[in-house]
Amino acid sequence: MKKKDLLNVALGIITSIGGFLEVGSMATSAAAGADFRFDLLWVIVFSTLCLIFLIEMSGRLAAVSKRALADAVRERFGFVFTIIPRLLEIIVNLLVIAAEIGGVCLALKLITGIPVAVWAIPVGVVLWLVLWLGTLEWIENSTAILGLMTIAFVVAAWKLHPDPHEVLRGLIPSRAPHDSARFWFLAVSIAGSTISPYMFTFYSSGAVEEKWDEESLTANRLTAVIGMGFGCLMSIGVLVVSAMVFAPRNIHIDSYEQMAVILTPALGRWGFPLFVGSLAVCCFGAAVEIALATAYMIGQTFGWNWGENSEPTKGARFALTYTAVVVLGALIMTTGLDPMKLTMFSMALTAVILPAVVVPFLLLVNDEHYVGEHRSGWIGNTVVVVVVIVASLIAIVAIPLELAGGS
Amino acid sequence: MELVRDILDKQIRGRDDEKLGKVDGIVLELRDGEPPRVAYIELGSATFARRIGRRFERWAVGINRRFGIRRARYRIAFDRVTDHKLDVRVDIEARRSPAFAWEHWVRDHIIKRLPFAK
């Protein structure tokens with residue numbers, strides 16, 4: 001591997017560590033730890049395994065075929081076929097970006113006491129300015145480096161000395177010990193927050209923008225495995241800390257305000273600022289990625305000029321699209337929706353739409369016409385198909401049950 | 001060449017490497033006693049909307065008219081296609097073509113009016 005590739009891998013890994021945790025993973029892992037202690041750890045592990053395969057596949061598709069995901073899907077399956085998955089993805093992305101903006105607003109509310117709805121527009125404006133004035137590299141690197149503060153969750157988990165046997169037992173798939181509807185709803189929400197479709201679009205578009213080729217495949221594989229693996233550790237850290245802090249006190253996480261003290265027992269007076277900082281930075285980074293990923297997806301579907309590195313006047317429709325996504329996301333949060341409920345619901349909804357997004361993608365990375373000799377192996381294909389379809393089916397059953405409050 | 005696999009829905013790039021759009025349609029010319037030949041590739045909102053249904057095509061034409069865009073579809077003679085391996089490359093200056101009508105409209109009416117527009 002060349003020196004430049006090594007640098008790219010290192011940056012990719014930092015990006016994954018800093019960018020893995022966002023409002024969805026934080027909320028779902030914390031709620032799972034509080035309600036079911038370590039019983040849902042295995043869902044994080046299985047979802048991350050699936051994500052590793054999918055991220056590697058999206059990078060490989062971009063490097064070999066020179067096409068980003070949405071571009072290749074339209075070309076291979078035609079315009080009419082692409083409409084439904086793209087519409088579903090746009091709806092989910094809007095809900096998720098609203099939840100991420102809500103996360104940043106909540107961090108600001110925890111510091112200032114000013115309500116979330118008031119912060120929505122100022123946060124939207126700052127988000128838009130970053131997209132409007134920044135380059136892809138600057139955005140990726142700055143959010144990734146700032147996002148490294150999420151390591152605080154792993155440090156806190158370590159300092160709380162959880163019973164290793166119990167943690168290891170949590171890695172083995174199990175049934176719900178109580179309240180099955182809640183258990184499975186949280187399971188699919190964790191899956192939805194981990195296997196986020198915007199991440200494949202963002203990753204493959206970045207690979208095309210950075211002109212990856214077949215020589216980048218090793219770097220791609222390392223980034224996917226090590227980066228997402230470390231990212232998974234952050235989510236595990238949140239779940240373990242929540243299980244150690246909230247479960248023994250019978251506290252159920254219904255709002256982000258309750259989560260504010262999650263790090264305090266382990267990290268003392270640093271706990272609160274580190275939690276608020278992690279929440280703000282991770283949500284902001286994810287919001288930037290979702291806005292860009294949505295614009296990439298629409299631009300690639302219609303064949304416009306797209307790219308974060310080009311000036312807004314050179315890619316006017318692309319710039320208008322991410323602007324609209326930010327505006328709509330911020331407007332949703334001004335309505336006073338509960339950010340926690342919105343996050344949980346949008347994560348579970350993500351799990352529902354996964355097959356519509358992932359199956360065409362899977363066919364592409366097994367198509368010789370696109371990836372030549374670099375087709376996917378049977379292990380990757382099987383893991384992705386099983387996790388995605390099972391998560392979607394459970395989500396279809398669990399969402400109405402959760403909404404009805406039943407078990 | 002297989003028209004649907006190799007041409008339809010592919011990215012179109014102009015001679016300046018700019019993206020014009022996707023191949024939304026293919027126009028064949030029927031000739032007496034001879035096999036049909038590909039006359040044009042077509043792009044534009046009316047063309048892709050028609051692939052969903054006639055009603056969507058009428059809507060697309062109406063929206064274009066409402067915003068002062070004269071051509072809701074744009075045909076490029078097939079003899080201007082220079083390559084179709086990765087993308088469909090055409091011997092046309094993209095930014096001066098009708099394919100960029102919406103891009104120019106958005107740039108002039110919205111993007112340039114926003115702060116710090118470059």
# chains A, B, ... in the order shown; residues from 1 in each chain; ligands from 1
>>> residues_around(residues="Ser392 in chain A", least_positions_apart="3", cutoff="6 Å", atoms="only C-alpha atoms", output="PDB file with all heavy atoms, in the first residue's frame")
ATOM      1  N   ALA A 351     -35.040   0.834   9.382  1.00  0.00           N
ATOM      2  CA  ALA A 351     -34.942  -0.626   9.290  1.00  0.00           C
ATOM      3  C   ALA A 351     -35.994  -1.171   8.316  1.00  0.00           C
ATOM      4  O   ALA A 351     -35.724  -2.107   7.560  1.00  0.00           O
ATOM      5  CB  ALA A 351     -35.106  -1.252  10.669  1.00  0.00           C
ATOM      6  N   VAL A 352     -37.194  -0.558   8.309  1.00  0.00           N
ATOM      7  CA  VAL A 352     -38.260  -1.039   7.408  1.00  0.00           C
ATOM      8  C   VAL A 352     -37.841  -0.894   5.948  1.00  0.00           C
ATOM      9  O   VAL A 352     -38.061  -1.791   5.132  1.00  0.00           O
ATOM     10  CB  VAL A 352     -39.578  -0.256   7.648  1.00  0.00           C
ATOM     11  CG1 VAL A 352     -40.651  -0.663   6.653  1.00  0.00           C
ATOM     12  CG2 VAL A 352     -40.081  -0.472   9.066  1.00  0.00           C
ATOM     13  N   ILE A 389     -33.213  -8.312   5.925  1.00  0.00           N
ATOM     14  CA  ILE A 389     -34.593  -8.785   5.799  1.00  0.00           C
ATOM     15  C   ILE A 389     -35.196  -9.061   7.174  1.00  0.00           C
ATOM     16  O   ILE A 389     -36.329  -8.668   7.450  1.00  0.00           O
ATOM     17  CB  ILE A 389     -34.667  -9.993   4.851  1.00  0.00           C
ATOM     18  CG1 ILE A 389     -34.375  -9.469   3.443  1.00  0.00           C
ATOM     19  CG2 ILE A 389     -36.048 -10.682   4.907  1.00  0.00           C
ATOM     20  CD1 ILE A 389     -34.401 -10.450   2.338  1.00  0.00           C
ATOM     21  N   ALA A 395     -39.196  -4.973  12.234  1.00  0.00           N
ATOM     22  CA  ALA A 395     -39.618  -3.566  12.352  1.00  0.00           C
ATOM     23  C   ALA A 395     -41.081  -3.402  11.963  1.00  0.00           C
ATOM     24  O   ALA A 395     -41.826  -2.658  12.612  1.00  0.00           O
ATOM     25  CB  ALA A 395     -38.731  -2.683  11.488  1.00  0.00           C
TER      26      ALA A 395
END
>>> residues_around(residues="Val27 in chain B", least_positions_apart="5", cutoff="8 Å", atoms="only C-alpha atoms", output="mmCIF file with N, CA, C and O atoms, in the first residue's frame")
data_model
loop_
_atom_site.group_PDB
_atom_site.id
_atom_site.type_symbol
_atom_site.label_atom_id
_atom_site.label_comp_id
_atom_site.auth_asym_id
_atom_site.auth_seq_id
_atom_site.Cartn_x
_atom_site.Cartn_y
_atom_site.Cartn_z
ATOM 1 N N VAL B 38 -31.138 4.174 -34.532
ATOM 2 C CA VAL B 38 -31.257 5.111 -33.406
ATOM 3 C C VAL B 38 -31.045 6.509 -33.950
ATOM 4 O O VAL B 38 -29.992 6.821 -34.502
ATOM 5 N N ALA B 39 -32.081 7.360 -33.815
ATOM 6 C CA ALA B 39 -31.970 8.711 -34.357
ATOM 7 C C ALA B 39 -31.473 9.693 -33.298
ATOM 8 O O ALA B 39 -30.587 10.502 -33.558
ATOM 9 N N TYR B 40 -32.047 9.606 -32.098
ATOM 10 C CA TYR B 40 -31.691 10.572 -31.037
ATOM 11 C C TYR B 40 -31.631 9.883 -29.678
ATOM 12 O O TYR B 40 -32.277 8.855 -29.459
ATOM 13 N N ILE B 41 -30.907 10.525 -28.770
ATOM 14 C CA ILE B 41 -31.124 10.234 -27.352
ATOM 15 C C ILE B 41 -31.870 11.448 -26.810
ATOM 16 O O ILE B 41 -31.712 12.554 -27.322
ATOM 17 N N GLU B 42 -32.725 11.207 -25.807
ATOM 18 C CA GLU B 42 -33.581 12.291 -25.333
ATOM 19 C C GLU B 42 -33.416 12.450 -23.822
ATOM 20 O O GLU B 42 -33.257 11.453 -23.103
#
>>> interface_residues(of="chain B", to="chain A", cutoff="7 Å", atoms="only C-alpha atoms", output="VMD selection string")
chain B and resid 9 to 11 18 to 22 51 to 52 103 106 to 107 111 to 112 117 to 118
>>> write_last_selection(atoms="C-alpha atoms", output="PDB file, in the first residue's frame")
ATOM      1  CA  ASP B   9     -30.354   5.741 -18.133  1.00  0.00           C
ATOM      2  CA  LYS B  10     -26.630   6.322 -18.546  1.00  0.00           C
ATOM      3  CA  GLN B  11     -24.927   9.574 -17.579  1.00  0.00           C
ATOM      4  CA  GLU B  18     -19.895  18.558 -17.660  1.00  0.00           C
ATOM      5  CA  LYS B  19     -22.901  16.373 -16.815  1.00  0.00           C
ATOM      6  CA  LEU B  20     -25.916  17.124 -19.023  1.00  0.00           C
ATOM      7  CA  GLY B  21     -28.288  14.632 -17.422  1.00  0.00           C
ATOM      8  CA  LYS B  22     -29.231  10.991 -17.953  1.00  0.00           C
ATOM      9  CA  ARG B  51     -41.942   6.804 -18.309  1.00  0.00           C
ATOM     10  CA  ILE B  52     -44.169   6.920 -15.228  1.00  0.00           C
ATOM     11  CA  GLU B 103     -29.509  24.679 -13.759  1.00  0.00           C
ATOM     12  CA  VAL B 106     -31.902  27.827 -10.204  1.00  0.00           C
ATOM     13  CA  ARG B 107     -28.523  29.571 -10.260  1.00  0.00           C
ATOM     14  CA  ILE B 111     -28.421  30.484  -5.599  1.00  0.00           C
ATOM     15  CA  LYS B 112     -26.917  33.813  -6.673  1.00  0.00           C
ATOM     16  CA  ALA B 117     -22.720  32.750  -3.301  1.00  0.00           C
ATOM     17  CA  LYS B 118     -19.642  32.140  -5.420  1.00  0.00           C
TER      18      LYS B 118
END
>>> select_by_dssp(residues="chain B", states="strand (DSSP E or B)", output="compact mmCIF listing (two decimals) with C-alpha atoms, in the first residue's frame")
# COMPACT_ATOMS: atom_id res chain seq x y z
CA GLN B 11 -24.93 9.57 -17.58
CA ILE B 12 -24.50 12.01 -20.48
CA ARG B 13 -21.37 14.17 -20.49
CA LYS B 19 -22.90 16.37 -16.81
CA LEU B 20 -25.92 17.12 -19.02
CA GLY B 21 -28.29 14.63 -17.42
CA LYS B 22 -29.23 10.99 -17.95
CA GLY B 25 -35.29 8.14 -23.65
CA ILE B 26 -34.15 6.77 -27.00
CA VAL B 27 -35.79 7.76 -30.28
CA LEU B 28 -35.75 5.21 -33.08
CA GLU B 29 -36.36 6.00 -36.73
CA LEU B 30 -38.35 3.42 -38.70
CA ARG B 31 -37.29 3.11 -42.33
CA GLU B 34 -34.40 -1.23 -43.71
CA PRO B 35 -33.80 -1.97 -40.04
CA PRO B 36 -34.72 0.83 -37.63
CA ARG B 37 -31.89 3.09 -36.55
CA VAL B 38 -31.26 5.11 -33.41
CA ALA B 39 -31.97 8.71 -34.36
CA TYR B 40 -31.69 10.57 -31.04
CA ILE B 41 -31.12 10.23 -27.35
CA GLU B 42 -33.58 12.29 -25.33
CA LEU B 43 -33.37 13.90 -21.91
CA TYR B 74 -34.13 17.87 -25.41
CA ARG B 75 -33.01 15.62 -28.24
CA ILE B 76 -29.41 14.99 -29.19
CA ALA B 77 -28.75 13.42 -32.59
CA VAL B 81 -22.46 10.49 -29.47
CA THR B 82 -18.70 9.99 -29.42
CA ASP B 83 -18.39 7.25 -26.80
CA VAL B 88 -22.47 8.55 -22.95
CA ARG B 89 -20.20 11.30 -24.28
CA VAL B 90 -21.64 13.80 -26.74
>>> residues_around(residues="Gly68 in chain B", least_positions_apart="2", cutoff="12 Å", atoms="only C-alpha atoms", output="tab-separated table (two decimals) with N, CA and C atoms, in the first residue's frame")
chain	number	residue	atom	x	y	z
B	61	VAL	N	-44.51	19.15	-18.32
B	61	VAL	CA	-44.55	20.18	-19.35
B	61	VAL	C	-45.11	21.48	-18.74
B	62	GLY	N	-46.17	21.34	-17.94
B	62	GLY	CA	-46.81	22.50	-17.31
B	62	GLY	C	-45.85	23.22	-16.36
B	63	ILE	N	-45.12	22.46	-15.57
B	63	ILE	CA	-44.18	23.08	-14.60
B	63	ILE	C	-43.07	23.83	-15.37
B	64	ASN	N	-42.56	23.19	-16.41
B	64	ASN	CA	-41.52	23.86	-17.20
B	64	ASN	C	-42.02	25.18	-17.76
B	65	ARG	N	-43.26	25.15	-18.30
B	65	ARG	CA	-43.85	26.36	-18.89
B	65	ARG	C	-44.01	27.43	-17.82
B	66	ARG	N	-44.46	26.99	-16.63
B	66	ARG	CA	-44.73	27.93	-15.52
B	66	ARG	C	-43.45	28.69	-15.13
B	70	ARG	N	-38.44	26.73	-21.87
B	70	ARG	CA	-39.15	26.48	-23.13
B	70	ARG	C	-39.19	25.00	-23.50
B	71	ARG	N	-38.10	24.29	-23.23
B	71	ARG	CA	-38.06	22.90	-23.69
B	71	ARG	C	-38.04	21.93	-22.51
B	72	ALA	N	-39.12	21.16	-22.40
B	72	ALA	CA	-39.20	20.18	-21.31
B	72	ALA	C	-38.48	18.89	-21.70
B	101	ALA	N	-31.00	24.39	-18.85
B	101	ALA	CA	-31.97	25.47	-18.61
B	101	ALA	C	-32.35	25.57	-17.14
B	102	TRP	N	-32.65	24.43	-16.51
B	102	TRP	CA	-33.05	24.44	-15.10
B	102	TRP	C	-31.88	24.84	-14.21
B	104	HIS	N	-29.45	26.81	-14.94
B	104	HIS	CA	-29.27	28.26	-15.02
B	104	HIS	C	-30.38	28.99	-14.27
B	105	TRP	N	-31.61	28.46	-14.37
B	105	TRP	CA	-32.74	29.11	-13.69
B	105	TRP	C	-32.51	29.11	-12.17
B	106	VAL	N	-32.13	27.94	-11.66
B	106	VAL	CA	-31.90	27.83	-10.20
B	106	VAL	C	-30.74	28.74	-9.79
B	109	HIS	N	-32.00	32.56	-10.21
B	109	HIS	CA	-33.14	33.01	-9.40
B	109	HIS	C	-33.00	32.70	-7.92
>>> residues_around(residues="Ser196 in chain A", least_positions_apart="3", cutoff="9 Å", atoms="only C-alpha atoms", output="number ranges by chain")
A: 51, 191-193, 199-200, 347, 350-351, 354
>>> atom_distance(atom1="CA of Cys282 in chain A", atom2="CA of Ile91 in chain A")
21.3 Å
>>> residues_around(residues="range 358-371 of chain A", least_positions_apart="2", cutoff="7 Å", atoms="only C-alpha atoms", output="list in words")
Met57, Leu61, Val64, Ser65, Val73, Leu354, Pro355, Ala356, Glu373, His374, Arg375 and Ser376 of chain A
>>> write_last_selection(atoms="N, CA and C atoms", output="short mmCIF file (atom, residue, chain, number, x, y, z; two decimals), in the first residue's frame")
data_model
loop_
_atom_site.label_atom_id
_atom_site.label_comp_id
_atom_site.auth_asym_id
_atom_site.auth_seq_id
_atom_site.Cartn_x
_atom_site.Cartn_y
_atom_site.Cartn_z
N MET A 57 -18.67 -2.80 0.31
CA MET A 57 -19.27 -3.00 -1.02
C MET A 57 -19.45 -1.65 -1.74
N LEU A 61 -17.73 -0.79 -5.22
CA LEU A 61 -18.53 -0.44 -6.40
C LEU A 61 -18.03 0.87 -7.01
N VAL A 64 -14.30 0.44 -8.54
CA VAL A 64 -14.16 -0.38 -9.76
C VAL A 64 -15.03 0.18 -10.90
N SER A 65 -16.29 0.51 -10.60
CA SER A 65 -17.19 0.93 -11.70
C SER A 65 -17.13 2.43 -11.95
N VAL A 73 -27.48 2.49 -9.58
CA VAL A 73 -28.81 1.87 -9.45
C VAL A 73 -29.72 2.35 -10.58
N LEU A 354 -34.87 -0.74 4.64
CA LEU A 354 -33.55 -1.29 4.26
C LEU A 354 -33.57 -2.22 3.04
N PRO A 355 -34.50 -3.21 2.98
CA PRO A 355 -34.44 -4.11 1.82
C PRO A 355 -34.60 -3.37 0.48
N ALA A 356 -35.47 -2.36 0.44
CA ALA A 356 -35.69 -1.62 -0.81
C ALA A 356 -34.41 -0.93 -1.27
N GLU A 373 -14.09 -8.66 -11.80
CA GLU A 373 -13.73 -9.86 -11.00
C GLU A 373 -13.93 -9.61 -9.49
N HIS A 374 -14.27 -8.38 -9.11
CA HIS A 374 -14.36 -8.05 -7.67
C HIS A 374 -15.77 -8.24 -7.12
N ARG A 375 -16.41 -9.32 -7.51
CA ARG A 375 -17.78 -9.56 -7.01
C ARG A 375 -17.75 -9.96 -5.54
N SER A 376 -18.90 -9.77 -4.88
CA SER A 376 -18.96 -10.07 -3.44
C SER A 376 -18.92 -11.58 -3.20
#
>>> closest_residue(among="B:Leu8, B:Asp32, B:Asp24, B:Asp17", to="Ser45 in chain B", atoms="only C-alpha atoms")
B:Asp24
>>> atom_distance(atom1="CA of Val385 in chain A", atom2="CA of Glu56 in chain A")
15.1 Å
>>> decode(residues="range 79-111 of chain B", atoms="N, CA, C and O atoms", output="compact mmCIF listing (two decimals), in the first residue's frame")
# COMPACT_ATOMS: atom_id res chain seq x y z
N ASP B 79 -25.68 10.76 -33.91
CA ASP B 79 -24.35 10.84 -34.53
C ASP B 79 -23.42 11.81 -33.76
O ASP B 79 -22.25 11.93 -34.08
N ARG B 80 -23.96 12.49 -32.73
CA ARG B 80 -23.09 13.34 -31.90
C ARG B 80 -22.57 12.58 -30.68
O ARG B 80 -21.82 13.13 -29.89
N VAL B 81 -23.00 11.31 -30.56
CA VAL B 81 -22.46 10.49 -29.47
C VAL B 81 -21.07 10.00 -29.87
O VAL B 81 -20.90 9.38 -30.92
N THR B 82 -20.07 10.34 -29.05
CA THR B 82 -18.70 9.99 -29.42
C THR B 82 -18.20 8.74 -28.70
O THR B 82 -17.24 8.11 -29.11
N ASP B 83 -18.85 8.40 -27.58
CA ASP B 83 -18.39 7.25 -26.80
C ASP B 83 -19.51 6.85 -25.83
O ASP B 83 -20.29 7.70 -25.40
N HIS B 84 -19.62 5.55 -25.52
CA HIS B 84 -20.66 5.17 -24.55
C HIS B 84 -20.18 4.06 -23.63
O HIS B 84 -20.97 3.30 -23.10
N LYS B 85 -18.85 3.98 -23.44
CA LYS B 85 -18.34 2.90 -22.58
C LYS B 85 -18.72 3.12 -21.12
O LYS B 85 -19.49 2.36 -20.54
N LEU B 86 -18.17 4.18 -20.50
CA LEU B 86 -18.49 4.45 -19.10
C LEU B 86 -19.71 5.36 -19.03
O LEU B 86 -20.71 5.03 -18.42
N ASP B 87 -19.60 6.52 -19.66
CA ASP B 87 -20.72 7.45 -19.77
C ASP B 87 -21.00 7.66 -21.26
O ASP B 87 -20.15 7.35 -22.10
N VAL B 88 -22.18 8.21 -21.55
CA VAL B 88 -22.47 8.55 -22.95
C VAL B 88 -21.88 9.94 -23.19
O VAL B 88 -22.33 10.93 -22.58
N ARG B 89 -20.85 10.00 -24.03
CA ARG B 89 -20.20 11.30 -24.28
C ARG B 89 -20.73 11.88 -25.59
O ARG B 89 -20.83 11.16 -26.58
N VAL B 90 -21.10 13.16 -25.54
CA VAL B 90 -21.64 13.80 -26.74
C VAL B 90 -20.82 15.02 -27.10
O VAL B 90 -20.24 15.67 -26.22
N ASP B 91 -20.79 15.30 -28.39
CA ASP B 91 -19.99 16.42 -28.88
C ASP B 91 -20.82 17.71 -28.79
O ASP B 91 -21.24 18.28 -29.80
N ILE B 92 -21.07 18.13 -27.56
CA ILE B 92 -21.93 19.29 -27.31
C ILE B 92 -21.35 20.05 -26.12
O ILE B 92 -20.83 19.44 -25.18
N GLU B 93 -21.43 21.39 -26.16
CA GLU B 93 -21.00 22.16 -25.00
C GLU B 93 -22.17 22.20 -24.01
O GLU B 93 -23.18 22.87 -24.26
N ALA B 94 -22.02 21.48 -22.90
CA ALA B 94 -23.15 21.24 -21.99
C ALA B 94 -23.82 22.51 -21.49
O ALA B 94 -25.03 22.66 -21.57
N ARG B 95 -23.03 23.44 -20.96
CA ARG B 95 -23.61 24.62 -20.30
C ARG B 95 -24.38 25.52 -21.26
O ARG B 95 -25.19 26.34 -20.84
N ARG B 96 -24.10 25.40 -22.56
CA ARG B 96 -24.83 26.24 -23.52
C ARG B 96 -26.04 25.50 -24.10
O ARG B 96 -26.79 26.05 -24.89
N SER B 97 -26.22 24.24 -23.68
CA SER B 97 -27.31 23.44 -24.25
C SER B 97 -28.59 23.62 -23.44
O SER B 97 -28.54 24.02 -22.28
N PRO B 98 -29.76 23.31 -24.04
CA PRO B 98 -31.03 23.42 -23.31
C PRO B 98 -31.09 22.51 -22.09
O PRO B 98 -31.90 22.72 -21.20
N ALA B 99 -30.21 21.50 -22.01
CA ALA B 99 -30.21 20.60 -20.85
C ALA B 99 -29.87 21.36 -19.58
O ALA B 99 -30.16 20.91 -18.48
N PHE B 100 -29.22 22.52 -19.72
CA PHE B 100 -28.82 23.29 -18.54
C PHE B 100 -29.82 24.40 -18.20
O PHE B 100 -29.52 25.24 -17.34
N ALA B 101 -31.00 24.39 -18.85
CA ALA B 101 -31.97 25.47 -18.61
C ALA B 101 -32.35 25.57 -17.14
O ALA B 101 -32.36 26.65 -16.56
N TRP B 102 -32.65 24.43 -16.51
CA TRP B 102 -33.05 24.44 -15.10
C TRP B 102 -31.88 24.84 -14.21
O TRP B 102 -32.06 25.56 -13.23
N GLU B 103 -30.70 24.35 -14.55
CA GLU B 103 -29.51 24.68 -13.76
C GLU B 103 -29.31 26.20 -13.76
O GLU B 103 -29.09 26.81 -12.71
N HIS B 104 -29.45 26.81 -14.94
CA HIS B 104 -29.27 28.26 -15.02
C HIS B 104 -30.38 28.99 -14.27
O HIS B 104 -30.14 30.00 -13.63
N TRP B 105 -31.61 28.46 -14.37
CA TRP B 105 -32.74 29.11 -13.69
C TRP B 105 -32.51 29.11 -12.17
O TRP B 105 -32.65 30.15 -11.52
N VAL B 106 -32.13 27.94 -11.66
CA VAL B 106 -31.90 27.83 -10.20
C VAL B 106 -30.74 28.74 -9.79
O VAL B 106 -30.81 29.45 -8.78
N ARG B 107 -29.69 28.73 -10.60
CA ARG B 107 -28.52 29.57 -10.26
C ARG B 107 -28.90 31.06 -10.23
O ARG B 107 -28.61 31.76 -9.27
N ASP B 108 -29.60 31.51 -11.29
CA ASP B 108 -29.89 32.95 -11.40
C ASP B 108 -30.98 33.42 -10.45
O ASP B 108 -30.93 34.54 -9.95
N HIS B 109 -32.00 32.56 -10.21
CA HIS B 109 -33.14 33.01 -9.40
C HIS B 109 -33.00 32.70 -7.92
O HIS B 109 -33.64 33.35 -7.10
N ILE B 110 -32.18 31.72 -7.56
CA ILE B 110 -32.09 31.35 -6.13
C ILE B 110 -30.65 31.45 -5.61
O ILE B 110 -30.36 32.23 -4.71
N ILE B 111 -29.76 30.64 -6.18
CA ILE B 111 -28.42 30.48 -5.60
C ILE B 111 -27.65 31.80 -5.54
O ILE B 111 -27.07 32.16 -4.51
